[in-house]
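The block underneath contains the structure these notes are about, expressed in structure tokens.
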Amino acid sequence: MRNTNKVPFTPLLKRHKFIFDLLKNSTDAYLYCTDVKTRTTMISPNIVRDFDFPAEVVTNLNDYWLPLVHPHDRPAYSAMINSILEKHTVHEFALEYRLKTKKGDYVWIRGRGRLGLSRDGEPELFAGIITRMAGRNQADEVTGLLNKYRFEHGLRMALRTSGITGEGGAIIFVGLDNFKFVNETANRIVGDEFLRRVAAIIENILPPMLTLYKMDGDVFAVIYPEANETVVGEFFNDLQRSLAQPIEISGRPYFCTASAGTVFYPDSGKDYLILQKYAEAALDMAKKGGKNNNCLFNKEVYNRWLRSIALRDSLFESVESNCAGFELYFQPQVNAKNQELVGAEALLRWFNAKGKMVAPMEIIPTLEETKLILPVGKWIFEEAVKVCRKWRRINENFKVSVNMSYDQVKDSSFREYVINCLNRWQVPPEAVVLELTESRIVADWHFVNREFDEFRRLGIKIAMDDFGTGYSSLAMLKNLSCDIVKIDRAFVREIEISDFDLLLVKYAVDLCHRKGMRTCIEGVEEESAYRLLADKVGADYIQGYLFGRPEAVGSFEEKFLR
């Protein structure tokens, strides 16, 4: 139990009280002065005001102070105080840690102190100053963690230490996967609380002596001295296990995985800005590589990252130049019963400045990440409508399918653009099918269905693309208002030798038919597979190399419309 009796000043403290009073009345910082021999400390009134202290003079300050130090910061704090007051091996210190206020909140503080010696060289007085690290240049407002500016300071210190000791370590950037969907499905307040919970999870699996930093957005950072690949791997495995459980906020569970990028110092560099850039590159590649994994930096990873940055810049230039370099290819879709051409899917292709086609799997994610998919999506729609108008003069029932991203669904201007475009080119709405790619998480089914119902009222058909891959296909089928379901090619490859795949596709087709929807099977390459799908499965439409590869406009006309 704490002793709340009034503690008298010692002669040593009395001698210094006049100066102490002058200082405490001239600064907002917290001050303290300790008689080392008696362990009596005088503290400034603002410490009593802001923290849980009984008076301005106390004995054994650490009995009051240590319980207020954040549990993760106590080992470093205790080691420092012990070195000063017990072992007298450190005469001056500077330490940053978290302290609990009277309100119960943790705030970051920076403590500085110095041990004064008597004329005989014995420890006599320990005095110092404590300042709050509030504000933009110190702590993150949401999580309370030290921010990117303090990370840079910490990294410079780690590199300096590494240069002296010869020991290196790891810099780990942790980014949350699909965190934006937490904000979209809830609100910013829930998103902030989610970040705080994740920060606590990461701190819980870190060794006590390490500091977790909050960078921009949903990215956290760790400087891990003496860590090797094994240590980093164990840390990331612990993180994956910890995030496997849902984080419950206000009675609702939220799921999120994390990706990480790791760079080792000084092997990969000795400049903190270069190392930070390498860690960012590794994290970016981890996300591009499928997420929920840790990417270790190397030159190959960095060169791929640089190429992705160059690709992004080139795509911006193309869009600014009225989508120069973009072209639409068309893949035929046929009636499964009689193999008659019913339409085609418009597929985006992009040619770089050297005239080389870049794989769609490279450009589509980049367009979505940069939101360039919004202007490019409008260009795609108009080009597809123009071509459809031309081809309907040859085949009056011809339909064109156009891919639409979730970002386009959320774009309030897209539906009006579609209407104006159809009117401008005098193409009937029933000639168009909009395909939503199923590999994206849909945050708000009510909103999406409301938007789709508006398109359907116009006469435009809605298709669900890539059914069977990505996120919860049955949930998509249950919740999405659509007219056509496109079953992914993954279920067609082995349909002739896998009874499971055959039954799965058959049940999916039957289920769609029961709900009044038609089906299109993608990726059909063999005549025997087509026969199964047409005769036993009962598919409505077929799309695949068996009936035609994606072709440029002129080539498509030559092969399929003459």
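Simple scheme: letters A, B, ... for chains in structure tokens order, numbers from 1 for residues in each chain, numbers from 1 for ligands in the order shown.
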
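Residues in contact with Leu243 in chain A at up to 9 Å, not including ones fewer than 2 positions away on its chain and judged by only C-alpha atoms, are Val198, Ile201, Asp238, Leu239, Gln240, Arg241, Gln245, Pro246, Ile247, Phe255, Cys256, Thr257 and Ala258 of chain A.
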
Selected residues written out, all heavy atoms, as a tab-separated table (two decimals), in the first residue's frame:
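Result written to result_13.tsv:
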```tsv
chain	number	residue	atom	x	y	z
A	198	VAL	N	-5.44	-4.15	-33.88
A	198	VAL	CA	-4.34	-4.80	-34.60
A	198	VAL	C	-2.99	-4.38	-34.01
A	198	VAL	O	-2.08	-5.20	-33.85
A	198	VAL	CB	-4.39	-4.48	-36.10
A	198	VAL	CG1	-3.14	-4.97	-36.80
A	198	VAL	CG2	-5.63	-5.10	-36.74
A	201	ILE	N	-2.39	-6.41	-31.05
A	201	ILE	CA	-2.05	-7.79	-31.42
A	201	ILE	C	-0.57	-7.90	-31.81
A	201	ILE	O	0.15	-8.81	-31.37
A	201	ILE	CB	-2.95	-8.27	-32.57
A	201	ILE	CG1	-4.37	-8.52	-32.07
A	201	ILE	CG2	-2.39	-9.54	-33.22
A	201	ILE	CD1	-5.38	-8.79	-33.17
A	238	ASP	N	3.41	-16.07	-36.22
A	238	ASP	CA	2.64	-15.68	-35.04
A	238	ASP	C	1.57	-14.65	-35.40
A	238	ASP	O	0.45	-14.70	-34.89
A	238	ASP	CB	3.57	-15.10	-33.96
A	238	ASP	CG	4.44	-16.16	-33.31
A	238	ASP	OD1	4.12	-17.36	-33.43
A	238	ASP	OD2	5.46	-15.79	-32.69
A	239	LEU	N	1.94	-13.72	-36.28
A	239	LEU	CA	0.99	-12.69	-36.71
A	239	LEU	C	-0.18	-13.31	-37.46
A	239	LEU	O	-1.34	-12.95	-37.23
A	239	LEU	CB	1.71	-11.66	-37.58
A	239	LEU	CG	0.84	-10.52	-38.13
A	239	LEU	CD1	0.23	-9.71	-36.99
A	239	LEU	CD2	1.67	-9.62	-39.04
A	240	GLN	N	0.12	-14.24	-38.36
A	240	GLN	CA	-0.95	-14.90	-39.11
A	240	GLN	C	-1.91	-15.65	-38.18
A	240	GLN	O	-3.13	-15.58	-38.35
A	240	GLN	CB	-0.36	-15.87	-40.13
A	240	GLN	CG	0.26	-15.20	-41.35
A	240	GLN	CD	0.80	-16.21	-42.33
A	240	GLN	OE1	1.58	-17.09	-41.96
A	240	GLN	NE2	0.38	-16.10	-43.58
A	241	ARG	N	-1.33	-16.36	-37.20
A	241	ARG	CA	-2.18	-17.09	-36.25
A	241	ARG	C	-3.05	-16.13	-35.44
A	241	ARG	O	-4.22	-16.40	-35.18
A	241	ARG	CB	-1.31	-17.95	-35.32
A	241	ARG	CG	-0.80	-19.23	-35.95
A	241	ARG	CD	-0.20	-20.15	-34.92
A	241	ARG	NE	1.04	-19.61	-34.39
A	241	ARG	CZ	2.24	-19.88	-34.89
A	241	ARG	NH1	2.34	-20.68	-35.95
A	241	ARG	NH2	3.33	-19.36	-34.36
A	245	GLN	N	-8.17	-15.21	-36.00
A	245	GLN	CA	-9.40	-15.04	-35.24
A	245	GLN	C	-10.04	-13.70	-35.59
A	245	GLN	O	-9.34	-12.71	-35.79
A	245	GLN	CB	-9.11	-15.10	-33.74
A	245	GLN	CG	-8.47	-16.40	-33.29
A	245	GLN	CD	-9.35	-17.60	-33.58
A	245	GLN	OE1	-10.57	-17.56	-33.37
A	245	GLN	NE2	-8.76	-18.67	-34.08
A	246	PRO	N	-11.36	-13.65	-35.65
A	246	PRO	CA	-12.02	-12.36	-35.96
A	246	PRO	C	-11.81	-11.35	-34.84
A	246	PRO	O	-11.67	-11.71	-33.68
A	246	PRO	CB	-13.49	-12.75	-36.09
A	246	PRO	CG	-13.64	-13.99	-35.26
A	246	PRO	CD	-12.34	-14.73	-35.41
A	247	ILE	N	-11.76	-10.09	-35.22
A	247	ILE	CA	-11.69	-9.00	-34.25
A	247	ILE	C	-13.11	-8.47	-34.07
A	247	ILE	O	-13.71	-7.96	-35.02
A	247	ILE	CB	-10.74	-7.90	-34.74
A	247	ILE	CG1	-9.31	-8.44	-34.83
A	247	ILE	CG2	-10.80	-6.68	-33.82
A	247	ILE	CD1	-8.31	-7.46	-35.41
A	255	PHE	N	-12.80	-9.60	-40.13
A	255	PHE	CA	-11.65	-10.40	-40.50
A	255	PHE	C	-10.70	-9.58	-41.37
A	255	PHE	O	-11.13	-8.79	-42.20
A	255	PHE	CB	-12.08	-11.65	-41.28
A	255	PHE	CG	-12.87	-12.64	-40.46
A	255	PHE	CD1	-14.24	-12.52	-40.34
A	255	PHE	CD2	-12.23	-13.68	-39.81
A	255	PHE	CE1	-14.98	-13.41	-39.60
A	255	PHE	CE2	-12.96	-14.59	-39.07
A	255	PHE	CZ	-14.34	-14.46	-38.96
A	256	CYS	N	-9.42	-9.80	-41.18
A	256	CYS	CA	-8.43	-9.14	-42.04
A	256	CYS	C	-7.10	-9.87	-41.91
A	256	CYS	O	-6.67	-10.21	-40.80
A	256	CYS	CB	-8.26	-7.67	-41.63
A	256	CYS	SG	-7.31	-6.71	-42.82
A	257	THR	N	-6.48	-10.16	-43.02
A	257	THR	CA	-5.14	-10.73	-43.00
A	257	THR	C	-4.11	-9.62	-43.16
A	257	THR	O	-4.46	-8.45	-43.34
A	257	THR	CB	-4.97	-11.76	-44.13
A	257	THR	OG1	-5.22	-11.11	-45.38
A	257	THR	CG2	-5.94	-12.92	-43.96
A	258	ALA	N	-2.85	-9.99	-43.10
A	258	ALA	CA	-1.78	-8.99	-43.22
A	258	ALA	C	-0.68	-9.50	-44.14
A	258	ALA	O	-0.43	-10.71	-44.23
A	258	ALA	CB	-1.19	-8.65	-41.86
```

With the cut-off set at 12 Å and counting only C-alpha atoms, tabulate each residue of range 363-400 of chain A with an atom at most that distance from an atom of range 415-428 of chain A, showing the nearest atom pair and its distance in Å to one decimal, ordered by chain and increasing number, as JSON lines.
```
{"residue": "A:Leu374", "atom": "CA", "partner": "A:Tyr417", "partner_atom": "CA", "distance": 11.3}
{"residue": "A:Pro375", "atom": "CA", "partner": "A:Tyr417", "partner_atom": "CA", "distance": 10.9}
{"residue": "A:Gly377", "atom": "CA", "partner": "A:Val418", "partner_atom": "CA", "distance": 10.6}
{"residue": "A:Lys378", "atom": "CA", "partner": "A:Tyr417", "partner_atom": "CA", "distance": 7.5}
{"residue": "A:Trp379", "atom": "CA", "partner": "A:Cys421", "partner_atom": "CA", "distance": 10.3}
{"residue": "A:Ile380", "atom": "CA", "partner": "A:Val418", "partner_atom": "CA", "distance": 11.0}
{"residue": "A:Phe381", "atom": "CA", "partner": "A:Val418", "partner_atom": "CA", "distance": 7.5}
{"residue": "A:Glu382", "atom": "CA", "partner": "A:Cys421", "partner_atom": "CA", "distance": 6.3}
{"residue": "A:Glu383", "atom": "CA", "partner": "A:Cys421", "partner_atom": "CA", "distance": 9.8}
{"residue": "A:Ala384", "atom": "CA", "partner": "A:Cys421", "partner_atom": "CA", "distance": 10.4}
{"residue": "A:Val385", "atom": "CA", "partner": "A:Val427", "partner_atom": "CA", "distance": 7.0}
{"residue": "A:Lys386", "atom": "CA", "partner": "A:Trp425", "partner_atom": "CA", "distance": 6.6}
{"residue": "A:Val387", "atom": "CA", "partner": "A:Trp425", "partner_atom": "CA", "distance": 9.9}
{"residue": "A:Cys388", "atom": "CA", "partner": "A:Val427", "partner_atom": "CA", "distance": 7.7}
{"residue": "A:Arg389", "atom": "CA", "partner": "A:Val427", "partner_atom": "CA", "distance": 5.9}
{"residue": "A:Lys390", "atom": "CA", "partner": "A:Val427", "partner_atom": "CA", "distance": 9.7}
{"residue": "A:Trp391", "atom": "CA", "partner": "A:Val427", "partner_atom": "CA", "distance": 10.9}
{"residue": "A:Arg392", "atom": "CA", "partner": "A:Val427", "partner_atom": "CA", "distance": 8.9}
{"residue": "A:Arg393", "atom": "CA", "partner": "A:Val427", "partner_atom": "CA", "distance": 10.9}
{"residue": "A:Glu396", "atom": "CA", "partner": "A:Pro428", "partner_atom": "CA", "distance": 10.8}
{"residue": "A:Asn397", "atom": "CA", "partner": "A:Pro428", "partner_atom": "CA", "distance": 10.4}
{"residue": "A:Phe398", "atom": "CA", "partner": "A:Pro428", "partner_atom": "CA", "distance": 10.9}
{"residue": "A:Lys399", "atom": "CA", "partner": "A:Pro428", "partner_atom": "CA", "distance": 9.9}
{"residue": "A:Val400", "atom": "CA", "partner": "A:Val427", "partner_atom": "CA", "distance": 10.8}
```

How would you write, as JSON, numbers by chain, the set of residues in range 270-506 of chain A that DSSP gives as strand (DSSP E or B)? {"A": [294, 295, 296, 326, 327, 328, 329, 330, 331, 332, 333, 334, 335, 341, 342, 343, 344, 345, 346, 347, 348, 349, 350, 351, 357, 358, 399, 400, 401, 402, 403, 404, 432, 433, 434, 435, 436, 437, 461, 462, 463, 464, 465, 466, 467, 484, 485, 486, 487]}

Quick one: pick out all helix (DSSP H, G or I) residues within range 391-545 of chain A from a backbone DSSP run and write them as a ChimeraX atom specification. /A:391-392,406-410,414-425,429-431,445-458,473-479,489-491,499-514,527-537

Residue among A:Tyr77, A:Phe173, A:Phe547, A:Trp65 lying closest to Phe236 in chain A, counting only C-alpha atoms: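 Using only C-alpha atoms, the shortest distance to Phe236 in chain A belongs to A:Phe173.
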
Please measure the separation of CA of Arg304 in chain A and CA of Gly289 in chain A, giving the value in Å to one decimal.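 Straight-line distance from CA of Arg304 in chain A to CA of Gly289 in chain A works out to 11.3 Å.
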
Coordinates-based distance that separates CA of Ile189 in chain A from CA of Thr211 in chain A (Å, one decimal):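 Spanning CA of Thr211 in chain A to CA of Ile189 in chain A is a straight-line distance of 25.0 Å.
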
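Residue nearest Ala282 in chain A within the list A:Thr262, A:Gln408, A:Ser481, A:Thr437: A:Thr262 [criterion: smallest interatomic distance, only C-alpha atoms].
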
Neighbours of range 9-11 of chain A within 8 Å (only C-alpha atoms; same-chain residues fewer than 6 positions away dropped), as a VMD selection string? chain A and resid 35 40 42 57

Could you take the residues named above and write them with N, CA and C atoms, as a tab-separated table (two decimals), in the first residue's frame?
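File written: part.tsv
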```tsv
chain	number	residue	atom	x	y	z
A	35	ASP	N	17.03	12.72	-4.54
A	35	ASP	CA	18.16	12.51	-3.63
A	35	ASP	C	18.49	11.02	-3.69
A	40	THR	N	14.43	10.07	-2.10
A	40	THR	CA	13.34	11.03	-2.00
A	40	THR	C	13.35	11.90	-3.24
A	42	MET	N	11.44	15.15	-5.47
A	42	MET	CA	10.45	16.21	-5.63
A	42	MET	C	10.10	16.29	-7.11
A	57	VAL	N	6.28	15.59	-3.22
A	57	VAL	CA	7.48	14.97	-2.67
A	57	VAL	C	7.12	13.53	-2.28
```

Give me the residues near Lys214 in chain A as a PyMOL selection string, where near means some atom within 6 Å (using only C-alpha atoms) and where sequence neighbours in that chain fewer than 3 positions away do not count. chain A and resi 145+147+220

Among A:Lys356, A:Arg252, A:Arg531, A:Arg549, Gln331 in chain A is approached most closely, using only C-alpha atoms, by A:Arg549

Set the distance at 12 Å and use only C-alpha atoms: which residues neighbour Leu23 in chain A once local chain neighbours fewer than 4 positions away are removed? I'd like the list as a PDB file with N, CA and C atoms, in the first residue's frame.
```
ATOM      1  N   HIS A  16      18.360  22.672  -3.417  1.00  0.00           N
ATOM      2  CA  HIS A  16      18.090  22.847  -4.849  1.00  0.00           C
ATOM      3  C   HIS A  16      16.655  23.275  -5.143  1.00  0.00           C
ATOM      4  N   LYS A  17      15.820  23.412  -4.103  1.00  0.00           N
ATOM      5  CA  LYS A  17      14.399  23.703  -4.309  1.00  0.00           C
ATOM      6  C   LYS A  17      14.175  25.055  -4.985  1.00  0.00           C
ATOM      7  N   PHE A  18      14.972  26.069  -4.639  1.00  0.00           N
ATOM      8  CA  PHE A  18      14.781  27.392  -5.229  1.00  0.00           C
ATOM      9  C   PHE A  18      14.916  27.335  -6.759  1.00  0.00           C
ATOM     10  N   ILE A  19      15.983  26.672  -7.221  1.00  0.00           N
ATOM     11  CA  ILE A  19      16.187  26.527  -8.675  1.00  0.00           C
ATOM     12  C   ILE A  19      15.075  25.677  -9.277  1.00  0.00           C
ATOM     13  N   THR A  27       8.145  26.344 -17.451  1.00  0.00           N
ATOM     14  CA  THR A  27       8.030  25.350 -18.531  1.00  0.00           C
ATOM     15  C   THR A  27       6.786  24.502 -18.330  1.00  0.00           C
ATOM     16  N   ASP A  28       6.262  23.970 -19.427  1.00  0.00           N
ATOM     17  CA  ASP A  28       5.132  23.033 -19.364  1.00  0.00           C
ATOM     18  C   ASP A  28       5.606  21.593 -19.224  1.00  0.00           C
ATOM     19  N   ALA A  29       6.909  21.375 -19.296  1.00  0.00           N
ATOM     20  CA  ALA A  29       7.452  20.028 -19.201  1.00  0.00           C
ATOM     21  C   ALA A  29       7.347  19.533 -17.756  1.00  0.00           C
ATOM     22  N   TYR A  30       7.472  18.212 -17.589  1.00  0.00           N
ATOM     23  CA  TYR A  30       7.473  17.607 -16.266  1.00  0.00           C
ATOM     24  C   TYR A  30       8.916  17.556 -15.744  1.00  0.00           C
ATOM     25  N   LEU A  31       9.105  17.897 -14.464  1.00  0.00           N
ATOM     26  CA  LEU A  31      10.444  17.934 -13.869  1.00  0.00           C
ATOM     27  C   LEU A  31      10.507  17.028 -12.649  1.00  0.00           C
ATOM     28  N   TYR A  32      11.694  16.521 -12.370  1.00  0.00           N
ATOM     29  CA  TYR A  32      11.900  15.716 -11.160  1.00  0.00           C
ATOM     30  C   TYR A  32      13.342  15.884 -10.693  1.00  0.00           C
ATOM     31  N   CYS A  33      13.529  15.668  -9.414  1.00  0.00           N
ATOM     32  CA  CYS A  33      14.861  15.767  -8.825  1.00  0.00           C
ATOM     33  C   CYS A  33      14.915  14.805  -7.648  1.00  0.00           C
ATOM     34  N   ILE A  43       8.788  16.433  -7.361  1.00  0.00           N
ATOM     35  CA  ILE A  43       8.275  16.431  -8.731  1.00  0.00           C
ATOM     36  C   ILE A  43       7.469  17.699  -8.954  1.00  0.00           C
ATOM     37  N   SER A  44       7.341  18.101 -10.202  1.00  0.00           N
ATOM     38  CA  SER A  44       6.592  19.315 -10.519  1.00  0.00           C
ATOM     39  C   SER A  44       5.094  19.060 -10.361  1.00  0.00           C
ATOM     40  N   PRO A  45       4.328  20.106 -10.042  1.00  0.00           N
ATOM     41  CA  PRO A  45       2.882  19.953  -9.791  1.00  0.00           C
ATOM     42  C   PRO A  45       2.119  19.334 -10.958  1.00  0.00           C
ATOM     43  N   GLY A 128      15.991  15.464 -13.968  1.00  0.00           N
ATOM     44  CA  GLY A 128      15.704  15.399 -15.392  1.00  0.00           C
ATOM     45  C   GLY A 128      14.404  16.060 -15.775  1.00  0.00           C
ATOM     46  N   ILE A 129      14.064  15.896 -17.029  1.00  0.00           N
ATOM     47  CA  ILE A 129      12.891  16.529 -17.631  1.00  0.00           C
ATOM     48  C   ILE A 129      12.150  15.493 -18.469  1.00  0.00           C
TER      49      ILE A 129
END
```

Within 12 Å of Thr370 in chain A using only C-alpha atoms, minus same-chain residues under 2 positions, as number ranges by chain: A: 308-309, 311-313, 315-316, 319, 363-368, 372-376, 407

Smallest atom-to-atom distance to Gly544 in chain A: which of A:Ser250, A:Ser314, A:Gln333, A:Ser405, using only C-alpha atoms? A:Gln333

Between CA of Gly144 in chain A and CA of Asp105 in chain A, distance in Å (one decimal): 9.4 Å

For Gly538 in chain A, which residue out of A:Asp73, A:Asn335, A:Met361, A:Leu210 is the nearest one, using only C-alpha atoms?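 Using only C-alpha atoms, Gly538 in chain A sits closest to A:Asn335.
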
Tell me, as an MDAnalysis selection string, which residues lie within 10 Å of Gly459 in chain A, counting only C-alpha atoms; anything in the same chain fewer than 4 positions away does not count. chainID A and resid 428:433 453:455

Point out the residue among A:Tyr541, A:Tyr224, A:Phe560, A:Phe53 with the least atom-to-atom distance to Ile394 in chain A, counting only C-alpha atoms. A:Phe560
